[in-house]
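Source file: my_file12.cif; contents: mmCIF, C-alpha atoms.
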```
data_entry
loop_
_atom_site.label_atom_id
_atom_site.label_comp_id
_atom_site.auth_asym_id
_atom_site.auth_seq_id
_atom_site.Cartn_x
_atom_site.Cartn_y
_atom_site.Cartn_z
CA MET A 1 -20.85 16.19 50.02
CA THR A 2 -22.37 15.82 53.46
CA PRO A 3 -25.34 13.57 54.10
CA MET A 4 -28.58 15.32 54.86
CA SER A 5 -29.27 13.06 57.80
CA GLY A 6 -32.26 14.11 59.82
CA ARG A 7 -33.22 16.85 57.40
CA PHE A 8 -34.68 14.78 54.66
CA GLY A 9 -38.41 15.20 54.17
CA GLY A 10 -38.47 18.33 56.29
CA ASP A 11 -37.28 20.91 53.77
CA SER A 12 -38.70 24.39 54.02
CA SER A 13 -40.81 25.45 51.07
CA ARG A 14 -38.04 27.78 49.90
CA ASP A 15 -35.44 25.08 50.28
CA SER A 16 -37.50 22.65 48.27
CA LEU A 17 -37.33 24.93 45.23
CA GLN A 18 -33.58 25.09 45.19
CA PRO A 19 -31.66 22.70 42.95
CA ARG A 20 -29.59 20.08 44.68
CA VAL A 21 -26.24 20.26 43.00
CA VAL A 22 -23.89 17.32 43.23
CA MET A 23 -20.39 17.41 41.76
CA LEU A 24 -18.99 14.12 40.54
CA ASP A 25 -16.03 12.90 38.51
CA LYS A 26 -16.47 12.89 34.76
CA GLU A 27 -15.44 9.24 34.64
CA VAL A 28 -18.68 8.16 36.34
CA GLU A 29 -21.04 10.18 34.15
CA GLN A 30 -22.42 7.27 32.16
CA LEU A 31 -22.69 5.12 35.25
CA VAL A 32 -24.55 7.79 37.19
CA THR A 33 -26.82 8.64 34.29
CA ARG A 34 -27.93 5.01 34.04
CA PHE A 35 -28.39 4.86 37.80
CA LEU A 36 -30.62 7.93 37.89
CA VAL A 37 -32.72 6.70 34.97
CA ARG A 38 -33.33 3.49 36.92
CA LYS A 39 -34.25 5.40 40.07
CA HIS A 40 -36.76 7.53 38.18
CA ALA A 41 -38.31 4.33 36.82
CA GLU A 42 -38.39 2.87 40.31
CA LEU A 43 -40.63 5.70 41.47
CA ASP A 44 -43.39 4.26 39.31
CA ARG A 45 -42.70 0.79 40.65
CA LEU A 46 -42.89 2.07 44.21
CA ARG A 47 -46.19 3.83 43.60
CA ALA A 48 -47.61 0.75 41.93
CA ALA A 49 -46.42 -1.44 44.78
CA LEU A 50 -47.94 0.90 47.36
CA GLU A 51 -51.21 0.85 45.44
CA VAL A 52 -51.50 -2.93 45.89
CA SER A 53 -49.75 -3.10 49.27
CA ASP A 54 -46.84 -5.04 47.80
CA PHE A 55 -44.60 -4.30 50.74
CA GLU A 56 -42.00 -6.87 49.78
CA THR A 57 -41.29 -5.04 46.53
CA ILE A 58 -41.05 -1.77 48.41
CA ARG A 59 -38.75 -3.32 50.99
CA ARG A 60 -36.56 -4.81 48.27
CA LEU A 61 -36.30 -1.57 46.29
CA GLY A 62 -35.55 0.30 49.49
CA HIS A 63 -32.88 -2.23 50.42
CA ASP A 64 -31.12 -1.80 47.08
CA LEU A 65 -31.46 1.98 47.22
CA LYS A 66 -29.94 2.02 50.69
CA GLY A 67 -27.03 -0.04 49.48
CA ALA A 68 -26.27 1.89 46.32
CA GLY A 69 -27.24 5.54 46.81
CA GLU A 70 -24.26 6.78 48.76
CA GLY A 71 -21.78 4.90 46.60
CA PHE A 72 -23.02 6.78 43.57
CA GLY A 73 -22.67 10.10 45.36
CA PHE A 74 -26.22 10.45 46.68
CA PRO A 75 -26.24 9.66 50.40
CA GLU A 76 -29.73 11.08 50.69
CA LEU A 77 -30.98 8.20 48.58
CA SER A 78 -29.35 5.71 50.93
CA ILE A 79 -31.15 7.37 53.82
CA LEU A 80 -34.44 7.16 51.93
CA GLY A 81 -33.76 3.55 51.10
CA ALA A 82 -33.34 2.77 54.77
CA LYS A 83 -36.65 4.46 55.51
CA PHE A 84 -38.43 2.38 52.86
CA GLU A 85 -36.82 -0.73 54.27
CA LEU A 86 -38.13 0.04 57.76
CA ALA A 87 -41.58 1.19 56.68
CA ALA A 88 -42.39 -1.66 54.33
CA PRO A 89 -42.39 -4.62 56.74
CA ALA A 90 -44.43 -2.48 59.14
CA GLY A 91 -46.98 -1.80 56.40
CA ASP A 92 -46.63 1.89 57.13
CA THR A 93 -48.32 3.24 54.03
CA THR A 94 -48.17 6.83 55.25
CA GLN A 95 -44.43 6.77 55.70
CA ILE A 96 -43.96 4.97 52.39
CA ALA A 97 -45.99 7.64 50.61
CA VAL A 98 -43.92 10.35 52.26
CA CYS A 99 -40.72 8.64 51.19
CA ILE A 100 -41.92 8.29 47.62
CA ALA A 101 -42.76 11.99 47.54
CA SER A 102 -39.38 12.83 49.03
CA MET A 103 -37.58 10.67 46.52
CA GLU A 104 -39.44 12.29 43.66
CA LEU A 105 -38.65 15.75 44.99
CA TYR A 106 -35.01 14.85 45.43
CA LEU A 107 -34.64 13.46 41.93
CA THR A 108 -36.47 16.45 40.46
CA ARG A 109 -34.21 18.92 42.24
CA LEU A 110 -31.06 17.00 41.55
CA GLN A 111 -28.50 18.56 39.24
CA VAL A 112 -25.39 16.52 38.68
CA ARG A 113 -22.33 18.30 37.37
CA TYR A 114 -19.22 16.51 36.24
CA ALA A 115 -15.67 17.74 36.47
CA MET B 1 -6.87 -9.44 40.73
CA ARG B 2 -9.54 -11.48 39.07
CA ILE B 3 -12.65 -10.97 41.17
CA ALA B 4 -16.05 -12.62 40.99
CA ILE B 5 -18.97 -10.49 42.21
CA LEU B 6 -22.27 -12.01 43.24
CA GLU B 7 -24.86 -9.22 43.17
CA ASP B 8 -28.36 -9.01 41.71
CA ASP B 9 -28.74 -5.22 41.88
CA VAL B 10 -27.62 -3.85 38.53
CA SER B 11 -26.63 -0.50 39.99
CA GLN B 12 -24.48 -2.06 42.66
CA THR B 13 -22.84 -4.41 40.16
CA GLU B 14 -22.01 -1.55 37.80
CA LEU B 15 -20.60 0.54 40.61
CA LEU B 16 -18.41 -2.20 42.09
CA SER B 17 -17.22 -3.30 38.65
CA HIS B 18 -16.34 0.27 37.77
CA TRP B 19 -14.33 0.75 40.95
CA LEU B 20 -12.53 -2.54 40.51
CA GLN B 21 -11.67 -1.88 36.88
CA LEU B 22 -10.35 1.58 37.69
CA ALA B 23 -8.08 -0.04 40.26
CA GLY B 24 -6.74 -2.43 37.62
CA HIS B 25 -8.71 -5.50 38.66
CA ASN B 26 -10.79 -7.77 36.45
CA PRO B 27 -14.33 -8.10 37.79
CA HIS B 28 -16.73 -10.83 36.69
CA ALA B 29 -20.33 -10.31 37.74
CA PHE B 30 -22.93 -12.96 38.52
CA GLU B 31 -26.56 -12.28 39.34
CA GLN B 32 -27.28 -15.73 40.65
CA GLY B 33 -25.45 -17.96 43.08
CA ALA B 34 -25.92 -21.07 40.96
CA ASN B 35 -24.21 -19.39 38.01
CA LEU B 36 -21.28 -18.39 40.18
CA LEU B 37 -20.92 -21.91 41.54
CA ARG B 38 -20.95 -23.32 38.02
CA ALA B 39 -18.27 -20.84 37.01
CA LEU B 40 -16.16 -21.79 40.03
CA GLU B 41 -16.06 -25.38 38.80
CA ARG B 42 -14.12 -24.33 35.74
CA GLU B 43 -12.57 -20.97 36.61
CA SER B 44 -10.35 -19.64 39.36
CA PHE B 45 -10.59 -16.22 40.94
CA ASP B 46 -8.38 -14.27 43.27
CA ALA B 47 -11.32 -13.22 45.42
CA LEU B 48 -15.09 -13.42 45.68
CA VAL B 49 -17.28 -10.46 46.60
CA LEU B 50 -20.64 -11.78 47.74
CA ASP B 51 -23.94 -10.08 48.42
CA TRP B 52 -26.20 -11.87 50.89
CA ASN B 53 -29.64 -11.60 49.30
CA VAL B 54 -29.64 -12.85 45.74
CA PRO B 55 -32.59 -14.54 43.99
CA ASP B 56 -31.63 -18.21 44.05
CA LEU B 57 -28.93 -19.14 46.53
CA SER B 58 -28.00 -16.71 49.27
CA GLY B 59 -24.45 -15.48 49.49
CA VAL B 60 -24.03 -17.58 52.62
CA ASP B 61 -25.23 -20.71 50.80
CA VAL B 62 -22.76 -20.02 48.03
CA LEU B 63 -20.01 -19.52 50.60
CA LYS B 64 -20.81 -22.83 52.30
CA ARG B 65 -20.60 -24.69 49.02
CA VAL B 66 -17.38 -22.95 48.06
CA ARG B 67 -15.77 -23.95 51.34
CA GLN B 68 -17.27 -27.40 51.83
CA ARG B 69 -17.99 -28.86 48.42
CA LEU B 70 -15.42 -27.10 46.29
CA HIS B 71 -12.88 -27.06 49.14
CA SER B 72 -11.76 -23.68 47.97
CA SER B 73 -9.86 -21.28 50.19
CA VAL B 74 -10.37 -18.33 47.83
CA PRO B 75 -10.64 -15.08 49.83
CA VAL B 76 -14.25 -14.03 50.31
CA LEU B 77 -15.48 -10.55 51.11
CA PHE B 78 -19.16 -10.08 51.94
CA VAL B 79 -20.64 -6.81 50.70
CA THR B 80 -24.19 -6.62 51.95
CA ALA B 81 -26.75 -4.26 53.42
CA ARG B 82 -27.33 -6.70 56.29
CA ASN B 83 -25.79 -5.09 59.33
CA ARG B 84 -26.95 -7.17 62.26
CA GLU B 85 -24.28 -8.70 64.45
CA ASP B 86 -25.56 -12.24 63.94
CA ASP B 87 -25.36 -11.78 60.15
CA VAL B 88 -21.74 -10.77 60.42
CA VAL B 89 -21.02 -13.66 62.78
CA THR B 90 -22.77 -16.16 60.51
CA ALA B 91 -20.84 -15.10 57.43
CA LEU B 92 -17.48 -15.13 59.18
CA ARG B 93 -18.12 -18.48 60.82
CA GLU B 94 -19.14 -20.00 57.49
CA GLY B 95 -15.79 -18.97 56.07
CA ALA B 96 -15.98 -15.38 54.88
CA ASP B 97 -12.71 -13.52 55.36
CA ASP B 98 -14.17 -10.05 55.71
CA TYR B 99 -17.52 -8.27 55.81
CA MET B 100 -18.60 -4.83 54.67
CA VAL B 101 -21.99 -3.21 55.11
CA LYS B 102 -23.48 -1.26 52.22
CA PRO B 103 -23.22 1.46 51.20
CA VAL B 104 -19.54 0.70 50.87
CA ARG B 105 -16.79 3.22 50.31
CA ARG B 106 -14.58 2.77 47.29
CA LEU B 107 -11.13 3.08 48.83
CA GLU B 108 -12.06 0.98 51.80
CA LEU B 109 -13.39 -1.78 49.54
CA LEU B 110 -10.20 -1.77 47.49
CA ALA B 111 -8.00 -1.73 50.58
CA ARG B 112 -9.84 -4.66 52.14
CA LEU B 113 -9.54 -6.67 48.93
CA GLU B 114 -5.83 -5.95 48.80
CA ALA B 115 -5.50 -7.02 52.41
CA LEU B 116 -7.26 -10.30 51.63
CA SER B 117 -4.96 -10.86 48.72
CA ARG B 118 -1.90 -10.30 50.92
CA ARG B 119 -3.17 -12.78 53.47
CA GLY B 120 -3.88 -15.37 50.83
CA GLN B 121 -0.43 -15.22 49.28
CA HIS B 122 1.61 -14.78 52.44
CA GLY B 123 2.93 -11.48 51.15
CA GLN B 124 4.15 -12.84 47.82
CA GLU B 125 1.36 -11.13 45.93
CA GLN B 126 2.61 -7.67 46.68
CA ALA B 127 6.34 -8.31 46.80
CA GLU B 128 8.42 -6.55 44.18
CA VAL B 129 11.17 -9.12 44.65
CA LEU B 130 10.14 -12.72 44.94
CA GLU B 131 12.63 -15.27 46.21
CA LEU B 132 11.60 -18.87 46.00
CA ASP B 133 13.92 -21.85 46.07
CA VAL B 134 16.58 -21.19 43.40
CA TYR B 135 14.58 -18.40 41.78
CA ARG B 136 14.83 -14.70 42.31
CA VAL B 137 12.22 -12.64 40.48
CA ASP B 138 12.56 -8.87 40.38
CA CYS B 139 9.31 -7.33 39.23
CA GLN B 140 10.77 -3.88 38.91
CA THR B 141 13.60 -4.83 36.56
CA ARG B 142 11.52 -7.70 35.15
CA THR B 143 14.33 -10.19 35.53
CA VAL B 144 14.48 -13.74 36.73
CA LEU B 145 17.56 -15.41 38.15
CA ARG B 146 17.83 -19.14 38.54
CA ASN B 147 20.74 -20.16 40.71
CA THR B 148 21.99 -16.57 40.24
CA ALA B 149 22.06 -16.98 36.45
CA PRO B 150 19.71 -14.77 34.44
CA VAL B 151 16.94 -16.52 32.55
CA ASP B 152 16.09 -15.09 29.16
CA LEU B 153 12.32 -14.61 29.04
CA THR B 154 9.98 -12.69 26.77
CA ALA B 155 7.65 -10.18 28.39
CA LYS B 156 4.72 -12.58 28.40
CA ASP B 157 6.84 -15.45 29.65
CA PHE B 158 8.02 -13.24 32.49
CA ASP B 159 4.44 -12.35 33.43
CA LEU B 160 3.45 -15.99 33.23
CA SER B 161 6.38 -17.00 35.41
CA VAL B 162 5.46 -14.41 38.01
CA LEU B 163 1.86 -15.57 38.04
CA PHE B 164 2.85 -19.17 38.74
CA LEU B 165 5.60 -18.38 41.21
CA ARG B 166 3.26 -16.15 43.18
CA ASN B 167 0.64 -18.88 43.27
CA VAL B 168 2.56 -22.03 44.09
CA GLY B 169 0.18 -24.86 44.88
CA ARG B 170 -2.81 -23.05 43.53
CA LEU B 171 -4.85 -24.33 40.61
CA LEU B 172 -5.24 -21.55 38.05
CA SER B 173 -7.86 -21.80 35.34
CA ARG B 174 -7.01 -21.09 31.72
CA GLY B 175 -9.30 -18.09 31.82
CA HIS B 176 -7.53 -16.75 34.87
CA ILE B 177 -4.11 -17.21 33.30
CA ARG B 178 -5.18 -15.61 30.02
CA GLU B 179 -6.77 -12.65 31.71
CA THR B 180 -3.89 -11.98 34.07
CA VAL B 181 -1.08 -12.34 31.54
CA TRP B 182 -2.67 -11.21 28.31
CA GLY B 183 -5.47 -8.97 29.57
CA PRO B 184 -9.24 -9.37 29.74
CA ASN B 185 -9.87 -8.62 26.07
CA ALA B 186 -7.05 -10.57 24.46
CA VAL B 187 -7.86 -13.51 22.24
CA VAL B 188 -5.41 -16.23 23.15
CA THR B 189 -5.80 -19.77 21.94
CA SER B 190 -5.26 -22.73 24.22
CA ARG B 191 -2.39 -23.75 22.02
CA THR B 192 -0.66 -20.42 22.52
CA LEU B 193 -1.13 -20.62 26.25
CA ASP B 194 0.18 -24.18 26.36
CA THR B 195 3.19 -23.17 24.29
CA HIS B 196 4.09 -20.39 26.70
CA VAL B 197 3.66 -22.68 29.68
CA SER B 198 5.86 -25.30 28.08
CA ARG B 199 8.50 -22.68 27.36
CA ILE B 200 8.72 -21.39 30.90
CA ARG B 201 8.70 -24.95 32.22
CA ASN B 202 11.83 -25.59 30.19
CA LYS B 203 13.54 -22.26 30.71
CA LEU B 204 12.96 -22.21 34.45
CA GLY B 205 13.52 -25.92 34.90
CA LEU B 206 10.16 -26.42 36.55
CA THR B 207 10.46 -30.19 36.40
CA PRO B 208 10.32 -32.97 38.98
CA ASP B 209 14.03 -33.61 38.92
CA ASN B 210 14.44 -30.01 40.08
CA GLY B 211 11.73 -30.37 42.71
CA TRP B 212 8.98 -28.67 40.76
CA ARG B 213 5.98 -29.71 38.73
CA LEU B 214 4.05 -27.41 36.42
CA ALA B 215 1.22 -29.66 35.43
CA ALA B 216 -1.88 -29.26 33.31
CA VAL B 217 -5.19 -30.16 34.89
CA TYR B 218 -7.54 -31.54 32.29
CA ARG B 219 -10.18 -29.08 31.16
CA TYR B 220 -9.25 -26.59 33.83
CA GLY B 221 -5.80 -25.08 33.80
CA TYR B 222 -2.42 -25.43 35.42
CA ARG B 223 -0.89 -25.81 38.84
CA LEU B 224 2.71 -25.18 39.84
CA GLU B 225 3.76 -27.36 42.75
CA GLN B 226 6.93 -27.52 44.72
CA LEU B 227 7.70 -31.15 45.44
CA ASP B 228 9.33 -32.51 48.54
CA ALA B 229 12.24 -34.88 48.00
CA ALA B 230 10.12 -38.03 48.13
CA ALA B 231 7.47 -36.64 45.83
CA SER B 232 10.14 -35.41 43.48
CA GLN B 233 11.71 -38.86 43.36
CA ARG B 234 8.35 -40.48 42.70
CA ALA B 235 7.55 -37.97 40.00
CA VAL B 236 10.85 -38.58 38.24
CA GLN B 237 10.27 -42.33 38.38
CA THR B 238 6.77 -41.89 37.00
CA ASP B 239 8.05 -39.74 34.16
CA ASP B 240 10.79 -42.27 33.42
CA HIS B 241 8.19 -45.02 33.39
CA LYS B 242 5.97 -43.09 30.99
CA ALA B 243 8.91 -42.35 28.73
CA ALA B 244 9.98 -45.97 28.61
#
```
File written out as structure tokens:
Amino acid sequence: MTPMSGRFGGDSSRDSLQPRVVMLDKEVEQLVTRFLVRKHAELDRLRAALEVSDFETIRRLGHDLKGAGEGFGFPELSILGAKFELAAPAGDTTQIAVCIASMELYLTRLQVRYA
Amino acid sequence: MRIAILEDDVSQTELLSHWLQLAGHNPHAFEQGANLLRALERESFDALVLDWNVPDLSGVDVLKRVRQRLHSSVPVLFVTARNREDDVVTALREGADDYMVKPVRRLELLARLEALSRRGQHGQEQAEVLELDVYRVDCQTRTVLRNTAPVDLTAKDFDLSVLFLRNVGRLLSRGHIRETVWGPNAVVTSRTLDTHVSRIRNKLGLTPDNGWRLAAVYRYGYRLEQLDAAASQRAVQTDDHKAA
């Protein structure tokens, strides 16, 4: 699976409707399922943090996302995490909002298949 | 390998633990530096994998205490998202043996841990045939020769012998010994462990008059030491004195 470096957040409207299929080993299914549940939950935490300008929380969540995403098979999430981590200390609310939307879109499109 | 992981991100901990277990290692996860340091006072590990940013003590603070206060030379691998040159330099200068930037790759992580293990044991860790003093241990045939004569050992006694002979001079905690020889889920009483240790001490002649000491360390574990001639003589005299 190749990283979508440079493309993330700039999907065409047609592209954004397509599922993002990721193939992973069966042995990691439970691990990945738990990971994705946590990431979905973190979307709410990110929105809430943005609402109150809690940039430290956003930075921290981004830092962890950057560190873990690719290892689980989702390099796009690591890229997003890095963007959060850069945007948060700068107080760049626009970029943070874009990243949250991108993360939500990614997780919505994501289809994980296990072999 | 018995590996302690310091990491406060649940996802990262699960991932690293999963990789390590698949590779046959025994990971032990800690979310806080203070908890890891407390564990290190009573348990031994073959390696530490440290994150930098954890809630209480940073990975670097933990490393400093491991090296300076605990005087431990346990191999340390930093696994952190910090990627600045001065972070890497700081960790290495404080005593880390290697440094990886997240997101880490599974095979690379495992290979680096294996490399650390090799460095720590001067190659004994990986050797299929171990030759030490009068002992020759063949891990493939699972045989031990002492002065060319075969030593009759049970399977567990063989594994225990290998563990000690691969870690001469190193203090091994009871937990570490249990986990390595009997597996992470086995229930092994202290008495059973002591009995096995006593048996291999006798069968292998790991006694001061032979230049060896396999000694219990109170409330911790055991250490196998090879004694020089003077130390051996002193140890024999001490044992004679105690016996008298």
Residues of chain B that have any atom at most 7 Å from an atom of chain A: could you tabulate them with the shortest-distance atom pair and the distance in Å to one decimal, using only C-alpha atoms, ordered by chain and increasing number, as JSON lines?
```
{"residue": "B:Asp9", "atom": "CA", "partner": "A:Asp64", "partner_atom": "CA", "distance": 6.7}
{"residue": "B:Ser11", "atom": "CA", "partner": "A:Phe35", "partner_atom": "CA", "distance": 6.1}
{"residue": "B:Gln12", "atom": "CA", "partner": "A:Ala68", "partner_atom": "CA", "distance": 5.7}
{"residue": "B:Ala81", "atom": "CA", "partner": "A:Gly67", "partner_atom": "CA", "distance": 5.8}
{"residue": "B:Lys102", "atom": "CA", "partner": "A:Gly67", "partner_atom": "CA", "distance": 4.6}
{"residue": "B:Pro103", "atom": "CA", "partner": "A:Gly67", "partner_atom": "CA", "distance": 4.4}
{"residue": "B:Val104", "atom": "CA", "partner": "A:Gly71", "partner_atom": "CA", "distance": 6.4}
{"residue": "B:Arg105", "atom": "CA", "partner": "A:Gly71", "partner_atom": "CA", "distance": 6.4}
```
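Applied to this file, the PyMOL selection byres ((chain A and resi 114) around 10) selects the residues Val22, Met23, Leu24, Asp25, Lys26, Glu27, Val28, Glu29, Gln111, Val112, Arg113 and Ala115 of chain A.
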Between CA of Thr207 in chain B and CA of Leu145 in chain B lies a distance of 16.5 Å
Go ahead and compute the interatomic distance for CA of Arg69 in chain B and CA of Leu50 in chain B, in Å to one decimal. 17.3 Å
I need the output of the PyMOL selection byres ((chain A and resi 89) around 9) for this file as JSON, numbers by chain; which residues are they? {"A": [55, 56, 58, 59, 84, 85, 86, 87, 88, 90, 91, 92]}
If we count only C-alpha atoms, what is near Glu225 in chain B at a cut-off of 7 Å, once residues fewer than 6 positions away on the same chain are taken out, given as a short mmCIF file (atom, residue, chain, number, x, y, z; two decimals) with C-alpha atoms, keeping the file's coordinate frame?
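In the end it all went to out_20.cif:
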```
data_model
loop_
_atom_site.label_atom_id
_atom_site.label_comp_id
_atom_site.auth_asym_id
_atom_site.auth_seq_id
_atom_site.Cartn_x
_atom_site.Cartn_y
_atom_site.Cartn_z
CA VAL B 168 2.56 -22.03 44.09
CA GLY B 169 0.18 -24.86 44.88
CA TRP B 212 8.98 -28.67 40.76
CA ARG B 213 5.98 -29.71 38.73
CA LEU B 214 4.05 -27.41 36.42
#
```
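Counting all atoms listed in the file, the residue from B:Arg223, B:Tyr99, B:Glu43, B:Lys203 that sits nearest to Arg174 in chain B is B:Glu43.
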Spell out the residues picked by the PyMOL selection byres ((chain A and resi 41-46) around 8) here, as a ChimeraX atom specification. /A:37-40,47-50,57-58,61,100,103-104
